Amino acid sequence: MTEARASAQPHHQASSAHHHRKHSIQTLQFGWFLGHVLTVIGTLLYLLTYVGFGKRYHKVWYVVALFGIVESFSILIYQNITKRGLQPSQLLKDDNVHYFFIALVLLWVRPNVLLPLLPFFIYSVFHVLVYVNNYLLPQENPAITSFIAHNNVNSVRLGTQIEIFSWFWLLLRVLAWRPKSIIPFIAYTLFLRFRYEKMALTRTQVKNIEIKIDQLVNNANVPAVKNVWIQVKQVIRNAGGVYLVNDYTKEKTT
């Protein structure tokens with residue numbers, strides 16, 4: 001009945017509704033783009049504070065970067081909810097929700113740690129380039145198109161590696177009793193677990209790190225260290241038997 005009434009609208013009303021929907025989508029896309037621009041600018045300026053440039057504003061740039069991340073991912077989540085409806089079980093499996101979650105925690109706690117920002121920075125650089133190339137330039141730029149095509153996969157791989165190293169860095173902050181270290185570490189552990197369950201690339205990178213640690217432990221030939229490492233791996237495997245968002249063991253492999 002609703003569809004019938006909609007199809008019976010005068011042409012100018014239907015056209016106006018279509019224009020309104022198109023305008024809303026374009027506005028959301030631009031808001032998404034601005035979020036990534038803020039992420040890039042905020043991260044770059046925050047990075048420069050480590051070499052003394054604008055050091056007094058380091059907290060400001062940290063917030064700017066994280067605000068951009070939260071804003072851009074909130075738009076994606078909103079679009080998904082608008083398109084598919086509010087489905088909590090599906091939202092829990094949504095990659096955008098995972099990134100929104102960790103960015104929101106970092107924005108709330110503000111540990112002022114650079115490493116977890118870098119994956120977002122890498123992803124945002126590519127998103128900004130894609131948007132500029134598709135919407136802001138008079139025509140597609142072959143150099144930008146080529147750069148995106150040749151580096152997109154490697155950027156995702158690098159971002160995934162940094163996400164894993166970020167967890168180790170946050171763990172070191174906890175062990176060093178740094179301020180504002182506990183909550184970010186717990187949240188990032190949960191975030192990385194989500195990524196591990198959802199992304200085969202994350203699982204591959206974790207396995208590569210495990211192999212390298214195995215080699216180091218075996219080469220060190222210290223029984224006590226080897227025993228501790230075996231116990232740590234066993235604890236991790238036991239915890240891995242509980243799936244939070246995705247039982248990847250049931251996925252089909254090609």
# chains A, B, ... in the order shown; residues from 1 in each chain; ligands from 1
call {"tool": "residues_around", "arguments": {"residues": "Val97 in chain A", "least_positions_apart": "3", "cutoff": "9 Å", "atoms": "only C-alpha atoms", "output": "JSON, numbers by chain"}}
result
{"A": [73, 74, 76, 77, 91, 92, 93, 94, 100, 101, 102]}
call {"tool": "residues_around", "arguments": {"residues": "Asp214 in chain A", "least_positions_apart": "5", "cutoff": "10 Å", "atoms": "only C-alpha atoms", "output": "count of residues only"}}
result
7
call {"tool": "select_by_dssp", "arguments": {"residues": "range 65-251 of chain A", "states": "alpha helix (DSSP H)", "output": "JSON, numbers by chain"}}
result
{"A": [65, 66, 67, 68, 69, 70, 71, 72, 73, 74, 75, 76, 77, 78, 79, 80, 81, 82, 83, 84, 88, 89, 90, 91, 92, 93, 95, 96, 97, 98, 99, 100, 101, 102, 103, 104, 105, 106, 107, 108, 109, 117, 118, 119, 120, 121, 122, 123, 124, 125, 126, 127, 128, 129, 130, 131, 142, 143, 144, 145, 146, 147, 148, 149, 150, 151, 152, 153, 154, 155, 156, 157, 158, 159, 160, 161, 162, 163, 164, 165, 166, 167, 168, 169, 170, 171, 172, 173, 174, 175, 182, 183, 184, 185, 186, 187, 188, 189, 190, 191, 192, 193, 194, 195, 196, 197, 198, 200, 201, 202, 203, 204, 205, 206, 207, 208, 209, 210, 211, 212, 213, 214, 215, 216, 217, 218, 219, 220, 223, 224, 225, 226, 227, 228, 229, 230, 231, 232, 233, 234, 235, 236, 237, 238, 239]}
call {"tool": "closest_atom_pairs", "arguments": {"of": "range 79-138 of chain A", "to": "range 32-48 of chain A", "cutoff": "8 Å", "atoms": "only C-alpha atoms", "output": "JSON lines"}}
result
{"residue": "A:Leu114", "atom": "CA", "partner": "A:Leu47", "partner_atom": "CA", "distance": 7.3}
{"residue": "A:Leu117", "atom": "CA", "partner": "A:Thr43", "partner_atom": "CA", "distance": 6.9}
{"residue": "A:Leu118", "atom": "CA", "partner": "A:Thr43", "partner_atom": "CA", "distance": 7.5}
{"residue": "A:Phe120", "atom": "CA", "partner": "A:Thr39", "partner_atom": "CA", "distance": 7.4}
{"residue": "A:Phe121", "atom": "CA", "partner": "A:Val40", "partner_atom": "CA", "distance": 5.5}
{"residue": "A:Ser124", "atom": "CA", "partner": "A:His36", "partner_atom": "CA", "distance": 5.0}
{"residue": "A:Val125", "atom": "CA", "partner": "A:Val40", "partner_atom": "CA", "distance": 6.5}
{"residue": "A:His127", "atom": "CA", "partner": "A:His36", "partner_atom": "CA", "distance": 7.0}
{"residue": "A:Val128", "atom": "CA", "partner": "A:Phe33", "partner_atom": "CA", "distance": 6.3}
{"residue": "A:Tyr131", "atom": "CA", "partner": "A:Phe33", "partner_atom": "CA", "distance": 6.9}
call {"tool": "closest_residue", "arguments": {"among": "A:Tyr78, A:Phe126, A:Phe165, A:Tyr135", "to": "His150 in chain A", "atoms": "only C-alpha atoms"}}
result
A:Phe126
call {"tool": "residues_around", "arguments": {"residues": "range 194-200 of chain A", "least_positions_apart": "5", "cutoff": "8 Å", "atoms": "only C-alpha atoms", "output": "mmCIF file with C-alpha atoms, in the first residue's frame"}}
result
data_model
loop_
_atom_site.group_PDB
_atom_site.id
_atom_site.type_symbol
_atom_site.label_atom_id
_atom_site.label_comp_id
_atom_site.auth_asym_id
_atom_site.auth_seq_id
_atom_site.Cartn_x
_atom_site.Cartn_y
_atom_site.Cartn_z
ATOM 1 C CA LYS A 93 29.752 -8.043 13.840
ATOM 2 C CA ASP A 95 33.797 -3.726 11.366
ATOM 3 C CA HIS A 98 34.614 -2.154 16.144
ATOM 4 C CA TYR A 243 33.917 -16.573 19.875
ATOM 5 C CA LEU A 244 32.519 -13.107 20.492
ATOM 6 C CA VAL A 245 31.388 -11.918 17.063
ATOM 7 C CA ASN A 246 32.341 -14.545 14.488
ATOM 8 C CA ASP A 247 33.244 -18.233 14.559
ATOM 9 C CA TYR A 248 35.812 -18.070 11.774
#
call {"tool": "residues_around", "arguments": {"residues": "range 173-179 of chain A", "least_positions_apart": "6", "cutoff": "10 Å", "atoms": "only C-alpha atoms", "output": "MDAnalysis selection string"}}
result
chainID A and resid 111 113 167 185:186
call {"tool": "closest_residue", "arguments": {"among": "A:Lys207, A:Asn112, A:Ile81, A:Leu86", "to": "Val64 in chain A", "atoms": "only C-alpha atoms"}}
result
A:Asn112
